[in-house]
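J.: Here you go, my_file-v3.txt (compact mmCIF, C-alpha atoms):
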# COMPACT_ATOMS: atom_id res chain seq x y z
CA MET A 1 -284.38 -75.88 69.65
CA THR A 2 -286.92 -77.61 67.41
CA ASN A 3 -289.68 -75.82 65.53
CA ASP A 4 -292.41 -76.96 67.91
CA ASP A 5 -290.37 -76.13 71.01
CA ALA A 6 -289.79 -72.60 69.74
CA PHE A 7 -293.46 -72.26 68.84
CA LEU A 8 -294.69 -73.49 72.20
CA ARG A 9 -292.24 -71.30 74.03
CA ALA A 10 -293.46 -68.25 72.12
CA THR A 11 -297.18 -68.96 72.36
CA MET A 12 -298.09 -70.98 75.44
CA GLY A 13 -297.99 -67.89 77.64
CA SER A 14 -300.91 -66.54 75.61
CA MET A 15 -303.14 -69.53 76.14
CA ASP A 16 -305.28 -67.87 78.82
CA LEU A 17 -305.97 -65.03 76.42
CA VAL A 18 -306.94 -67.39 73.58
CA TYR A 19 -309.07 -69.38 76.01
CA ASN A 20 -310.91 -66.26 77.16
CA VAL A 21 -311.53 -65.15 73.58
CA ALA A 22 -312.80 -68.62 72.68
CA ARG A 23 -315.08 -68.53 75.72
CA ARG A 24 -316.75 -65.43 74.25
CA LEU A 25 -317.20 -67.05 70.84
CA VAL A 26 -318.60 -70.51 71.56
CA ARG A 27 -320.65 -71.79 74.44
CA THR A 28 -319.88 -75.34 75.49
CA PRO A 29 -316.59 -76.20 77.22
CA GLU A 30 -315.92 -78.84 74.53
CA ASP A 31 -316.33 -76.32 71.72
CA VAL A 32 -314.12 -73.84 73.55
CA GLU A 33 -311.33 -76.41 73.90
CA ASP A 34 -311.71 -77.50 70.27
CA LEU A 35 -311.46 -73.89 69.13
CA VAL A 36 -308.33 -73.26 71.22
CA GLN A 37 -306.75 -76.42 69.86
CA GLU A 38 -307.62 -75.48 66.26
CA THR A 39 -306.18 -72.03 66.83
CA TYR A 40 -302.87 -73.40 68.04
CA LEU A 41 -302.73 -75.92 65.24
CA ALA A 42 -303.38 -73.28 62.57
CA ALA A 43 -300.83 -71.00 64.21
CA PHE A 44 -298.23 -73.77 64.30
CA ARG A 45 -298.77 -74.55 60.61
CA ALA A 46 -298.19 -70.89 59.78
CA TRP A 47 -295.14 -70.87 62.07
CA LYS A 48 -293.67 -73.85 60.22
CA ASP A 49 -294.15 -71.94 56.96
CA HIS A 50 -292.10 -69.11 58.46
CA ARG A 51 -295.11 -66.82 58.79
CA ARG A 52 -294.16 -65.52 62.21
CA PRO A 53 -295.76 -62.50 63.81
CA ASP A 54 -294.17 -59.44 65.38
CA ARG A 55 -296.53 -59.79 68.30
CA VAL A 56 -297.89 -63.18 69.25
CA GLU A 57 -301.03 -62.20 71.17
CA PRO A 58 -302.89 -60.21 68.48
CA TRP A 59 -301.84 -62.87 65.95
CA LEU A 60 -303.31 -65.73 67.97
CA VAL A 61 -306.48 -63.75 68.70
CA THR A 62 -306.95 -62.99 65.00
CA ILE A 63 -306.60 -66.68 64.12
CA CYS A 64 -309.02 -67.61 66.90
CA LEU A 65 -311.57 -65.00 65.76
CA ASN A 66 -311.38 -66.12 62.13
CA LEU A 67 -311.73 -69.78 63.01
CA GLY A 68 -314.42 -69.09 65.56
CA ARG A 69 -316.46 -67.00 63.19
CA SER A 70 -316.23 -69.34 60.23
CA ARG A 71 -316.37 -72.74 61.83
CA PHE A 72 -318.23 -72.27 65.07
CA ARG A 73 -320.74 -69.56 64.23
CA ARG A 74 -323.47 -72.10 63.67
CA LEU A 75 -322.87 -73.57 67.13
CA ALA A 76 -322.78 -70.16 68.75
CA ALA A 77 -326.18 -69.36 67.26
CA ARG A 78 -327.83 -72.19 69.15
CA PRO A 79 -330.34 -71.30 71.88
CA HIS A 80 -328.91 -70.22 75.18
CA GLU A 81 -327.84 -73.28 77.19
CA VAL A 82 -325.70 -72.13 80.05
CA GLU A 83 -325.76 -74.33 83.13
CA LEU A 84 -324.09 -73.52 86.41
CA SER A 85 -322.09 -76.72 86.00
CA ASP A 86 -320.65 -75.36 82.74
CA VAL A 87 -319.26 -72.41 84.53
CA ILE A 88 -317.62 -74.20 87.41
CA ALA A 89 -316.85 -77.16 85.15
CA ASP A 90 -313.47 -78.67 84.76
CA THR A 91 -311.13 -76.52 86.75
CA ARG A 92 -312.56 -77.45 90.13
CA SER A 93 -312.39 -80.75 91.91
CA ALA A 94 -315.09 -82.15 94.18
CA GLU A 95 -313.00 -81.44 97.28
CA GLU A 96 -312.98 -77.75 96.45
CA ASP A 97 -316.73 -77.59 96.30
CA THR A 98 -317.21 -75.67 99.52
CA GLU A 99 -320.10 -73.37 100.19
CA ARG A 100 -317.94 -70.36 99.52
CA ASP A 101 -316.83 -71.74 96.18
CA ALA A 102 -320.43 -72.46 95.26
CA LEU A 103 -321.41 -68.88 96.05
CA ALA A 104 -318.49 -67.53 94.08
CA ALA A 105 -319.43 -69.80 91.18
CA ALA A 106 -323.02 -68.55 91.31
CA GLU A 107 -321.79 -64.98 91.15
CA ARG A 108 -319.55 -65.82 88.25
CA SER A 109 -322.47 -67.53 86.63
CA ASP A 110 -324.53 -64.32 86.77
CA LEU A 111 -321.66 -62.52 85.17
CA TYR A 112 -321.27 -65.26 82.58
CA ARG A 113 -324.94 -65.03 81.66
CA ALA A 114 -324.75 -61.26 81.47
CA MET A 115 -321.68 -61.50 79.28
CA TRP A 116 -323.49 -63.86 76.93
CA ALA A 117 -326.43 -61.48 76.77
CA LEU A 118 -324.14 -58.98 75.03
CA PRO A 119 -323.61 -59.05 71.27
CA GLU A 120 -320.47 -60.98 70.25
CA GLU A 121 -318.58 -57.87 69.16
CA GLN A 122 -319.13 -56.18 72.52
CA ARG A 123 -317.99 -59.31 74.38
CA LEU A 124 -314.82 -59.41 72.33
CA ALA A 125 -314.05 -55.72 72.72
CA ILE A 126 -314.42 -56.04 76.50
CA THR A 127 -312.31 -59.20 76.57
CA LEU A 128 -309.42 -57.66 74.66
CA VAL A 129 -309.39 -54.20 76.24
CA ASP A 130 -310.65 -54.72 79.80
CA LEU A 131 -309.38 -58.20 80.51
CA TRP A 132 -306.13 -58.24 78.51
CA ASP A 133 -305.14 -54.60 78.37
CA PHE A 134 -305.08 -54.28 74.59
CA SER A 135 -305.22 -50.62 73.60
CA THR A 136 -308.36 -49.74 71.67
CA ALA A 137 -306.14 -49.25 68.59
CA GLU A 138 -304.71 -52.78 68.96
CA ALA A 139 -308.18 -54.21 69.51
CA ALA A 140 -309.40 -52.40 66.39
CA THR A 141 -306.59 -53.89 64.29
CA THR A 142 -307.18 -57.35 65.71
CA MET A 143 -310.94 -57.19 65.19
CA GLY A 144 -310.61 -55.57 61.77
CA THR A 145 -312.77 -52.56 62.62
CA PRO A 146 -312.17 -48.81 63.04
CA ARG A 147 -311.11 -47.64 66.50
CA GLY A 148 -314.27 -45.56 66.87
CA THR A 149 -316.35 -48.70 66.42
CA VAL A 150 -314.35 -50.50 69.10
CA LEU A 151 -314.83 -47.58 71.49
CA SER A 152 -318.55 -47.65 70.88
CA ARG A 153 -318.82 -51.43 71.35
CA LEU A 154 -316.66 -51.28 74.42
CA HIS A 155 -318.71 -48.59 76.07
CA ARG A 156 -322.06 -50.14 75.21
CA GLY A 157 -320.87 -53.49 76.49
CA ARG A 158 -319.60 -52.02 79.76
CA LYS A 159 -322.82 -50.12 80.27
CA ALA A 160 -324.93 -53.17 79.52
CA LEU A 161 -322.96 -55.25 82.05
CA ALA A 162 -323.47 -52.57 84.72
CA LEU A 163 -327.18 -52.37 83.96
CA LEU A 164 -327.67 -56.14 83.70
CA LEU A 165 -326.05 -56.69 87.09
CA PRO A 166 -327.30 -53.83 89.27
CA GLU A 167 -326.65 -55.68 92.54
CA ARG A 168 -323.09 -56.52 91.62
CA ALA A 169 -322.56 -53.06 90.23
CA ARG A 170 -323.63 -51.60 93.58
CA GLU A 171 -321.20 -53.91 95.43
CA VAL A 172 -318.36 -53.04 93.10
CA ASN A 173 -319.16 -49.36 93.51
CA ASP A 174 -318.97 -49.65 97.30
CA ARG A 175 -315.54 -51.34 97.30
CA MET B 1 -306.90 -21.05 76.49
CA MET B 2 -309.18 -23.27 74.43
CA THR B 3 -312.84 -23.36 75.28
CA PRO B 4 -314.31 -26.68 76.39
CA VAL B 5 -316.37 -26.87 73.21
CA LYS B 6 -313.25 -26.64 71.06
CA MET B 7 -311.24 -28.95 73.32
CA ARG B 8 -313.43 -31.94 72.65
CA LYS B 9 -316.58 -32.67 70.70
CA HIS B 10 -319.48 -33.35 73.08
CA ASP B 11 -319.84 -37.10 72.53
CA PRO B 12 -320.54 -38.61 75.98
CA GLU B 13 -320.25 -42.22 74.79
CA ARG B 14 -316.93 -41.90 72.99
CA ASN B 15 -315.39 -39.59 75.59
CA ALA B 16 -316.44 -41.88 78.42
CA ALA B 17 -315.08 -44.96 76.61
CA GLU B 18 -311.68 -43.31 76.11
CA TYR B 19 -311.63 -41.81 79.60
CA VAL B 20 -312.41 -45.11 81.33
CA SER B 21 -309.82 -46.90 79.16
CA GLY B 22 -307.20 -44.29 80.07
CA GLU B 23 -306.89 -43.16 76.45
CA LEU B 24 -308.45 -39.73 76.50
CA GLY B 25 -305.88 -37.52 74.81
CA GLY B 26 -303.14 -35.74 76.73
CA ARG B 27 -303.07 -34.33 80.25
CA ARG B 28 -304.67 -31.08 79.17
CA VAL B 29 -307.66 -32.82 77.61
CA ARG B 30 -308.07 -35.07 80.64
CA ARG B 31 -308.06 -32.06 82.95
CA TRP B 32 -310.66 -30.40 80.82
CA PHE B 33 -312.78 -33.56 80.87
CA ASP B 34 -312.42 -33.91 84.66
CA ALA B 35 -313.78 -30.38 85.01
CA HIS B 36 -316.47 -31.06 82.42
CA LEU B 37 -317.67 -34.10 84.37
CA LEU B 38 -318.55 -31.87 87.32
CA GLU B 39 -321.08 -29.97 85.28
CA CYS B 40 -322.32 -32.47 82.66
CA GLU B 41 -324.77 -35.02 83.98
CA ASP B 42 -324.80 -37.04 80.73
CA CYS B 43 -321.04 -37.51 80.61
CA TRP B 44 -320.86 -38.27 84.35
CA ARG B 45 -323.49 -40.99 84.04
CA GLU B 46 -321.69 -42.56 81.05
CA VAL B 47 -318.37 -42.55 82.90
CA LEU B 48 -319.92 -44.06 86.01
CA LEU B 49 -321.59 -46.89 84.11
CA GLY B 50 -318.49 -47.45 82.01
CA ARG B 51 -316.31 -47.75 85.11
CA LEU B 52 -318.71 -50.17 86.77
CA GLY B 53 -318.93 -52.32 83.66
CA ARG B 54 -315.16 -52.40 83.30
CA ARG B 55 -314.69 -53.44 86.93
CA LEU B 56 -317.32 -56.16 86.58
CA ALA B 57 -315.72 -57.42 83.39
CA THR B 58 -312.27 -57.70 84.92
CA ASP B 59 -313.69 -60.20 87.46
CA PHE B 60 -314.35 -62.51 84.57
CA ARG B 61 -310.83 -63.46 83.58
CA GLU B 62 -310.37 -67.23 83.49
CA SER B 63 -307.39 -69.55 83.27
CA ALA B 64 -307.22 -72.25 80.64
CA PRO B 65 -307.51 -75.75 82.14
CA SER B 66 -304.19 -77.56 82.48
CA THR B 67 -305.62 -80.48 80.50
CA LEU B 68 -306.07 -78.13 77.56
CA ARG B 69 -302.43 -77.09 77.75
CA ASP B 70 -301.40 -80.74 77.62
CA ARG B 71 -303.75 -81.36 74.72
CA VAL B 72 -302.32 -78.45 72.72
CA ARG B 73 -298.75 -79.57 73.38
CA ALA B 74 -299.65 -83.07 72.19
CA VAL B 75 -301.35 -81.80 69.02
CA VAL B 76 -298.39 -79.58 68.16
CA ALA B 77 -295.96 -82.45 68.75
CA LEU B 78 -298.09 -84.67 66.53
CA GLU B 79 -298.22 -82.03 63.80
CA SER B 80 -294.48 -81.57 63.91
CA GLY B 81 -294.07 -85.29 63.35
CA ARG B 82 -292.10 -85.82 66.50
CA VAL B 83 -294.55 -88.22 68.08
CA GLY B 84 -293.59 -91.80 67.30
CA ASP B 85 -290.08 -90.86 66.26
CA ARG B 86 -287.61 -93.12 67.90
CA PRO B 87 -284.17 -91.93 68.75
CA ARG B 88 -281.68 -93.23 66.20
CA ARG B 89 -279.41 -95.93 67.41
CA ARG B 90 -275.79 -95.38 67.10
CA ARG B 91 -274.17 -97.89 64.85
CA LEU B 92 -271.71 -100.00 66.61
CA PRO B 93 -268.39 -100.58 64.90
CA ARG B 94 -268.14 -103.87 63.13
CA ARG B 95 -266.25 -106.57 64.81
CA ARG B 96 -263.08 -107.45 63.18
CA SER B 97 -263.04 -110.97 62.02
CA ARG B 98 -259.96 -112.78 63.09
Go ahead and express the file in the form of structure tokens.
T.:
Amino acid sequence: MTNDDAFLRATMGSMDLVYNVARRLVRTPEDVEDLVQETYLAAFRAWKDHRRPDRVEPWLVTICLNLGRSRFRRLAARPHEVELSDVIADTRSAEEDTERDALAAAERSDLYRAMWALPEEQRLAITLVDLWDFSTAEAATTMGTPRGTVLSRLHRGRKALALLLPERAREVNDR
Amino acid sequence: MMTPVKMRKHDPERNAAEYVSGELGGRRVRRWFDAHLLECEDCWREVLLGRLGRRLATDFRESAPSTLRDRVRAVVALESGRVGDRPRRRRLPRRRSR
């Protein structure tokens, strides 16, 4: 097996995770894709130099966070520019654009806006722990902060989401 | 038996964060906290909001577009120098001149 085959085999299963992390760091779909690509490229260069991780997911997330913070921070600081079309963007074809899909997209859009209203560190803590089942200790190592800080960010982020989306919170509570 | 005060410092935010994440100590501590929630309005409110926020957040998991997967594969292949490589031709044996 060649170097790149081995790398892709080890890392492609984590692409959804890297994509979700990138989505919390930069805003436009183009920037998100660029950041994911840069992450994989940097990871592959390290892989070729025999710097291989024990666990792939935290490694990729760390690379993505470092790249995102250094290279894309300026872009992320731009004024809020979230359009509904950004949210439903590229994964849906015109044929799928039924009324139900549009409603679902609108709901997701509310959530997307609420997520972007949170500070970056809270978004990331929620992404790693609630969406990808990192333990708070793993998230702390990945984010380079003490576990207590992660717990605090996580809880404040969760609370803020619940308070920003009272209607949705009520629906979720009734399920 | 330990008193509730000794079992856990009263820190509604931290306790709720660990409880909702399923990381609040051992079974004994969790049982104590379950009982504590029945009498502490502050902790109950934090747990409730934390649970709601967590459930909302989990709805927001997205899949990477397939075009991005293709793009990453292409970039990695390019970086590895495999793109543009042609398979080597086998050398044919020379013909014997008669």
J.: If you measure from CA of Arg55 (chain B) to CA of Thr39 (chain A), what distance in Å do you get, rounded to one decimal?
T.: 28.7 Å
J.: Using all atoms listed in the file, which chain B residues lie at most 8 Å away from chain A, written as a JSON list (two decimals) with C-alpha atoms, keeping the file's coordinate frame?
T.:
[["chain", "number", "residue", "atom", "x", "y", "z"],
["B", 13, "GLU", "CA", -320.25, -42.22, 74.79],
["B", 14, "ARG", "CA", -316.93, -41.90, 72.99],
["B", 16, "ALA", "CA", -316.44, -41.88, 78.42],
["B", 17, "ALA", "CA", -315.08, -44.96, 76.61],
["B", 18, "GLU", "CA", -311.68, -43.31, 76.11],
["B", 21, "SER", "CA", -309.82, -46.90, 79.16],
["B", 46, "GLU", "CA", -321.69, -42.56, 81.05],
["B", 49, "LEU", "CA", -321.59, -46.89, 84.11],
["B", 50, "GLY", "CA", -318.49, -47.45, 82.01],
["B", 51, "ARG", "CA", -316.31, -47.75, 85.11],
["B", 52, "LEU", "CA", -318.71, -50.17, 86.77],
["B", 53, "GLY", "CA", -318.93, -52.32, 83.66],
["B", 54, "ARG", "CA", -315.16, -52.40, 83.30],
["B", 55, "ARG", "CA", -314.69, -53.44, 86.93],
["B", 56, "LEU", "CA", -317.32, -56.16, 86.58],
["B", 57, "ALA", "CA", -315.72, -57.42, 83.39],
["B", 58, "THR", "CA", -312.27, -57.70, 84.92],
["B", 60, "PHE", "CA", -314.35, -62.51, 84.57],
["B", 61, "ARG", "CA", -310.83, -63.46, 83.58],
["B", 62, "GLU", "CA", -310.37, -67.23, 83.49],
["B", 63, "SER", "CA", -307.39, -69.55, 83.27],
["B", 64, "ALA", "CA", -307.22, -72.25, 80.64],
["B", 65, "PRO", "CA", -307.51, -75.75, 82.14],
["B", 68, "LEU", "CA", -306.07, -78.13, 77.56],
["B", 69, "ARG", "CA", -302.43, -77.09, 77.75],
["B", 71, "ARG", "CA", -303.75, -81.36, 74.72],
["B", 72, "VAL", "CA", -302.32, -78.45, 72.72],
["B", 73, "ARG", "CA", -298.75, -79.57, 73.38],
["B", 75, "VAL", "CA", -301.35, -81.80, 69.02],
["B", 76, "VAL", "CA", -298.39, -79.58, 68.16],
["B", 77, "ALA", "CA", -295.96, -82.45, 68.75],
["B", 79, "GLU", "CA", -298.22, -82.03, 63.80],
["B", 80, "SER", "CA", -294.48, -81.57, 63.91]]
J.: Could you work out how far CA of Arg9 (chain A) lies from CA of Leu25 (chain A), giving the answer in Å with one decimal?
T.: 25.5 Å
J.: Around all the atoms of region 29-33 of chain B listed in the file, draw an axis-aligned box and extend it by 3 Å on each of the six sides; I want its centre and edge lengths in Å to one decimal, as JSON.
T.:
{"center_x": -310.2, "center_y": -32.7, "center_z": 80.3, "size_x": 11.1, "size_y": 10.7, "size_z": 11.3}
J.: CA of Arg31 (chain B) and CA of Cys43 (chain B), how far apart in Å?
T.: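 Between CA of Cys43 (chain B) and CA of Arg31 (chain B) the gap is 14.3 Å.
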